[in-house]
Structures are given as structure tokens and as C-alpha cells.
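Okay, structure first, notes after.
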Amino acid sequence: MKKLLALTAIAAAVVGAHAQDFPSKPINIVVPFAAGGPTDRVARDLAEALRKPLGGVSIVVDNVPGAGSSIGAAKVARANPDGYTLLLNHIGMSTIPTLVRNVPFKVETDFEYLGIVNDVPMTLISKPSMQANNYKELSAWIAANKGKINLGNAGVGSASHLCGLLFQSATKTEMTPVPYKGTAPAITDLIGGQIDLLCDQTTNTSPQIEAKKVKAFAVTTNKRLTTPLLKDLPTLQESGLKDFQVTIWHGLYAPKGTPAAVTKKLNDALKVALKDPDFIKKQEGLGAVVASDGRIEPDGHKKFVNAEIAKWSPIIKAAGVYAD
């Protein structure tokens with residue numbers, strides 16, 4: 001018994017020393033999507049903002065795409081819980097449990113939650129030849145064309161796919177999903193009139209809206225946006241879709257079992273990074289809103305993700321879609 005207590009004390013001392021020295025080598029942030037996309041851009045901006053509060057340590061972004069973001073997430077879940085391998089994932093963390101078959105980890109129990117980073121609004125847009133000019137007219141067009149509407153998305157599990165599922169559920173309308181390998185080809189076909197509608201992040205749609213290459217009808221936030229380009233767009237909620245709200249949020253995670261002292265250092269650094277003026281400016285340039293509420297705390301982050309899982313699970317199950 002004495003020997004066991006001694007070993008426990010030694011182990012605790014080692015962990016304490018590790019936490020005190022943390023970080024002493026480069027940190028990897030795994031992004032479960034391809035380089036160049038919105039989540040990748042958020043990760044690279046965050047990596048830069050985290051360097052200073054973490055003592056100037058190098059932070060490397062590692063892109064591991066596939067299977068609705070579950071491949072990259074699984075890599076972090078299996079990583080050594082020492083704080084040197086982190087995960088930045090978006091709303092996919094709340095859809096993986098339902099969207100992906102045979103997930104090799106549990107979102108609720110296999111990660112330490114470090115805090116929400118931002119929220120990215122979404123916009124409902126259409127092909128430029130759409131007859132409707134406002135959401136009321138679009139709603140009438142949808143009702144008159146049931147069974148004939150093509151709704152594009154950037155692939156199963158993508159932000160546009162999830163928003164499309166929620167939109168169909170809210171309007172009680174079945175549309176034909178048209179999946180693409182990314183947002184760019186989906187928007188190209190929308191501009192060309194090959195598909196009718198798309199619901200995607202402002203990071204992807206704002207340039208097309210500004211160039212008047214598509215028609216914009218509403219935003220998916222609970223309040224109107226304040227950006228000059230989108231400030232006149234109504235919310236879908238005020239347009240009549242009760243309780244319709246979806247944003248593509250990003251959160252930071254560490255493997256389960258990461259020492260509490262290390263997760264505290266990471267959370268403290270995250271909160272400093274979220275107040276960095278340069279980071280805020282870059283996020284605003286992407287159309288994102290930097291988190292500043294209770295979700296930047298680990299407990300608040302976890303409660304939020306659990307609520308999002310409860311929100312998306314029945315919608316995904318009803319649609320019968322999977323990201324194998």
C-alpha cells in the first residue's frame with residue numbers, strides 16, 4: 001500500500017512538472033477538413049493568436065479531412081493526452097454521433113472541451129434567374145414547386161448540407177439534394193441555374209451576393225447582421241420560420257485525460273486569443289463573430305455541444321443520410 005501511494009505521488013509530481021513546463025514544444029491543431037476552407041482559415045488565424053499567450057510556441061495546423069470530420073477527430077481522440085495535439089472542429093462535432101456510422105470515439109466523453117471560438121452566420125441564396133425577389137415570394141414559389149426544387153450542398157455533413165436539412169424540416173418541404181465536392185462547384189452551378197437554392201456560410205456567399213451573381217433572401221441568425229452588405233437581409237425567423245437558427249460554430253478540444261492544469265493553460269490562452277484585435281478583425285473579415293459568452297468556458301462549451309447534438313440528431317435521422 002505504501003509503495004502504491006509512493007508511486008501515485010511520483011506520478012502526480014511528474015504530471016505537475018509537465019503542466020508547469022507546458023508548452024515546451026510545438027502544438028498541433030488538427031483540422032478535420034481540407035486546407036483552404038473556412039475551418040482551415042479559422043484554425044490558422046487562431047494558431048497565430050494563441051502563440052503569444054502560450055509563450056511564443058510554434059503551432060502547426062494539420063489537415064486530416066474525411067467522413068464528416070470524424071477521421072480528424074478520431075486522430076485527436078487517440079492522441080497522447082498531453083496538450084500537444086488539439087482539435088478544431090465546427091458544428092460537425094454535434095452531428096458526428098448521428099451522421100457517421102460506427103464512430104470510433106464518443107464526442108461526449110472522449111475529449112476535454114476547451115471553449116467555443118466563433119459563430120459563422122449562414123445565408124439562404126438562389127440562382128439569379130429566380131422569379132422571387134424576397135422571402136415571402138420565395139416561400140410562395142417553394143409551395144408552388146414542391147417536388148421540383150433542387151437544393152445544393154457541399155457534400156454530406158457540410159455546413160450547407162446541414163442548413164438545407166433544417167430548412168426542409170422547417171418548411172415541411174422535400175427538396176432534391178444535389179451534393180458537390182465542396183462549396184465552389186455548388187455555387188458555380190447555382191450561378192448557372194443548374195440548381196435552385198443553397199444555404200451556406202457568409203464566408204462563401206458574401207462575394208457572390210456583393211457581385212449580384214446570386215439572389216439573397218435571409219440570414220440564419222436570430223438577429224439581423226450588422227455588416228453593410230447583409231444588414232438589410234431579414235432573418236428566416238422573422239420571415240416566419242419559427243425558432244429557425246443555425247450558425248457554424250467552431251470549438252477547440254483536447255484528448256480526454258489531458259491534465260487539468262494543462263487544459264486550464266489552454267483555456268486561459270484561448271480566452272486571451274479571443275480578445276486579440278487582429279484575430280477579431282480577421283474573423284470579421286470572414287463574416288464570423290468571435291465568441292464572448294459562457295461557451296468560452298469548458299463547461300459552457302460542453303453543455304452547448306450536448307444541446308446541439310440533441311437538436312441535430314432527429315433531423316439527420318429523419319433525413320436518413322450518413323457520411324460513411
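Ligands are numbered from 1 in the order shown, residues from 1 within each chain, and chains are lettered A, B, ... in the order they appear in the C-alpha cells.
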
Which residues are close to Pro128 of chain A, i.e. within 7 Å by only C-alpha atoms, leaving aside same-chain residues fewer than 2 positions away? Reply as a list in words.
Ser126, Met130, Ile191, Lys213, Val214 and Lys215 of chain A

Identify all residues of segment 84-300 of chain A in strand (DSSP E or B) (DSSP on the backbone) and supply them as a VMD selection string.
chain A and resid 85 to 89 111 to 120 122 to 126 150 to 153 176 to 179 197 to 201 215 to 219 235 248 to 255 289 to 290

Show me, as an NGL selection string, the residues that have an atom within 12 Å of Asn222 of chain A when counting only C-alpha atoms, minus same-chain residues fewer than 5 positions from it.
:A and (121-122 or 234-239 or 241-247)

Deliver the residues from the most recent selection as a file, using C-alpha atoms, as a PDB file, in the first residue's frame.
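Result file again17.pdb:
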```
ATOM      1  CA  PRO A 121     -23.812  33.076 -39.927  1.00  0.00           C
ATOM      2  CA  MET A 122     -25.377  31.482 -42.989  1.00  0.00           C
ATOM      3  CA  PRO A 234     -34.227  39.602 -42.772  1.00  0.00           C
ATOM      4  CA  THR A 235     -33.710  36.551 -40.596  1.00  0.00           C
ATOM      5  CA  LEU A 236     -35.542  33.367 -41.517  1.00  0.00           C
ATOM      6  CA  GLN A 237     -37.067  33.506 -38.053  1.00  0.00           C
ATOM      7  CA  GLU A 238     -38.642  36.913 -38.597  1.00  0.00           C
ATOM      8  CA  SER A 239     -39.698  35.726 -42.055  1.00  0.00           C
ATOM      9  CA  LEU A 241     -39.786  30.078 -39.759  1.00  0.00           C
ATOM     10  CA  LYS A 242     -40.271  29.858 -36.003  1.00  0.00           C
ATOM     11  CA  ASP A 243     -37.142  29.097 -33.948  1.00  0.00           C
ATOM     12  CA  PHE A 244     -35.039  28.748 -37.107  1.00  0.00           C
ATOM     13  CA  GLN A 245     -31.456  29.473 -36.183  1.00  0.00           C
ATOM     14  CA  VAL A 246     -28.233  27.870 -37.328  1.00  0.00           C
ATOM     15  CA  THR A 247     -24.667  29.116 -37.231  1.00  0.00           C
TER      16      THR A 247
END
```

Filtered DSSP result for segment 60-150 of chain A, state helix (DSSP H, G or I), as a PyMOL selection string
chain A and resi 67-77+92-99+135-144

Using only C-alpha atoms, which residue out of A:Val305, A:Ile296, A:Lys281, A:Lys106 lies closest to Arg78 of chain A?
A:Lys106

Closest pair table for segment 207-261 of chain A residues within 7 Å of segment 83-98 of chain A, only C-alpha atoms, as CSV:
```
residue,atom,partner,partner_atom,distance
A:Ile248,CA,A:Ile91,CA,5.6
A:Trp249,CA,A:His90,CA,5.3
A:His250,CA,A:His90,CA,4.1
A:Gly251,CA,A:Leu88,CA,5.7
A:Leu252,CA,A:Leu88,CA,4.7
A:Tyr253,CA,A:Leu87,CA,5.0
A:Ala254,CA,A:Leu86,CA,4.8
A:Thr258,CA,A:Gly83,CA,6.1
```

Of the listed residues A:Leu270, A:Val103, A:Leu162, A:Ile116, that which approaches Leu54 of chain A most closely, counting only C-alpha atoms:
A:Leu270

Between A:Asp200, A:Asp62, A:Glu210, A:Glu108, single out the one closest to Leu230 of chain A, counting only C-alpha atoms.
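Among A:Asp200, A:Asp62, A:Glu210, A:Glu108, it is A:Glu210 that comes nearest to Leu230 of chain A.
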
List the spatial neighbours of Gly287 of chain A as an MDAnalysis selection string - criterion: any atom at most 7 Å away, only C-alpha atoms, same-chain residues fewer than 6 positions off excluded.
chainID A and resid 120 202:203

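From atom CA of Ile187 of chain A back to atom CA of Val61 of chain A, the distance works out to 27.1 Å.
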
Pick from A:Leu138, A:Leu151, A:Leu165, A:Leu46 nearest to Gln194 of chain A, counting only C-alpha atoms:
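That would be A:Leu151, the residue with the smallest distance to Gln194 of chain A.
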
What's the 10 Å shell around Ala143 of chain A, counting only C-alpha atoms, without same-chain residues fewer than 5 positions away, as a list of chain:residue names?
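That gives A:Glu137, A:Leu138, A:Thr171, A:Lys172, A:Thr173.
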
Neighbours of Lys25 of chain A within 7 Å (only C-alpha atoms; same-chain residues fewer than 2 positions away dropped), as a list in words?
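Neighbouring residues, sequence-local ones excluded: Pro23, Ile27 and Val57 of chain A.
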
Using only C-alpha atoms for the distances, tell me which of A:Gly193, A:Gly55, A:Pro38, A:Gly164 is nearest to Lys282 of chain A.
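The answer is A:Pro38, which sits nearest to Lys282 of chain A.
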
Taking 3 positions as the minimum chain separation for residues in the same chain, which residues sit within 12 Å of Asp293 of chain A when counting only C-alpha atoms? Answer as a short mmCIF file (atom, residue, chain, number, x, y, z; two decimals) with N, CA and C atoms, in the first residue's frame.
```
data_model
loop_
_atom_site.label_atom_id
_atom_site.label_comp_id
_atom_site.auth_asym_id
_atom_site.auth_seq_id
_atom_site.Cartn_x
_atom_site.Cartn_y
_atom_site.Cartn_z
N GLY A 115 -13.35 25.31 -25.24
CA GLY A 115 -14.06 26.57 -25.47
C GLY A 115 -14.48 26.76 -26.91
N ILE A 116 -15.59 27.45 -27.11
CA ILE A 116 -16.07 27.83 -28.44
C ILE A 116 -15.27 29.03 -28.94
N VAL A 117 -14.95 29.04 -30.22
CA VAL A 117 -14.13 30.09 -30.81
C VAL A 117 -14.95 31.17 -31.50
N ASN A 118 -15.90 30.76 -32.35
CA ASN A 118 -16.67 31.75 -33.10
C ASN A 118 -17.99 31.18 -33.60
N ASP A 119 -18.78 32.04 -34.20
CA ASP A 119 -20.02 31.65 -34.87
C ASP A 119 -20.00 32.27 -36.27
N LYS A 271 -8.90 32.28 -24.22
CA LYS A 271 -9.66 33.49 -23.86
C LYS A 271 -8.88 34.76 -24.18
N LEU A 274 -9.09 35.18 -28.03
CA LEU A 274 -10.40 35.64 -28.50
C LEU A 274 -10.59 37.14 -28.32
N VAL A 289 -18.39 35.87 -36.05
CA VAL A 289 -18.49 36.61 -34.79
C VAL A 289 -17.71 35.85 -33.74
N VAL A 290 -16.70 36.47 -33.16
CA VAL A 290 -15.87 35.81 -32.15
C VAL A 290 -16.67 35.59 -30.87
N ILE A 296 -17.19 30.05 -23.92
CA ILE A 296 -15.72 30.06 -23.98
C ILE A 296 -15.12 29.33 -22.78
N GLU A 297 -15.96 28.97 -21.83
CA GLU A 297 -15.54 28.16 -20.69
C GLU A 297 -15.80 26.68 -21.01
N PRO A 298 -14.96 25.77 -20.53
CA PRO A 298 -15.14 24.34 -20.84
C PRO A 298 -16.54 23.81 -20.54
N ASP A 299 -17.10 24.13 -19.38
CA ASP A 299 -18.43 23.64 -19.03
C ASP A 299 -19.49 24.17 -19.99
N GLY A 300 -19.40 25.46 -20.29
CA GLY A 300 -20.36 26.06 -21.20
C GLY A 300 -20.25 25.49 -22.60
N HIS A 301 -19.03 25.22 -23.02
CA HIS A 301 -18.77 24.61 -24.33
C HIS A 301 -19.43 23.24 -24.41
N PHE A 304 -23.23 23.31 -24.50
CA PHE A 304 -23.68 23.78 -25.82
C PHE A 304 -23.64 22.66 -26.84
#
```

Which one of A:Ala140, A:Ala67, A:Ala184, A:Leu124 sits closest to Cys163 of chain A if you count only C-alpha atoms?
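Closest residue, counting only C-alpha atoms: A:Leu124.
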
Could you tell me how far atom CA of Thr109 of chain A sits from atom CA of Ala260 of chain A, in Å to one decimal place?
15.2 Å
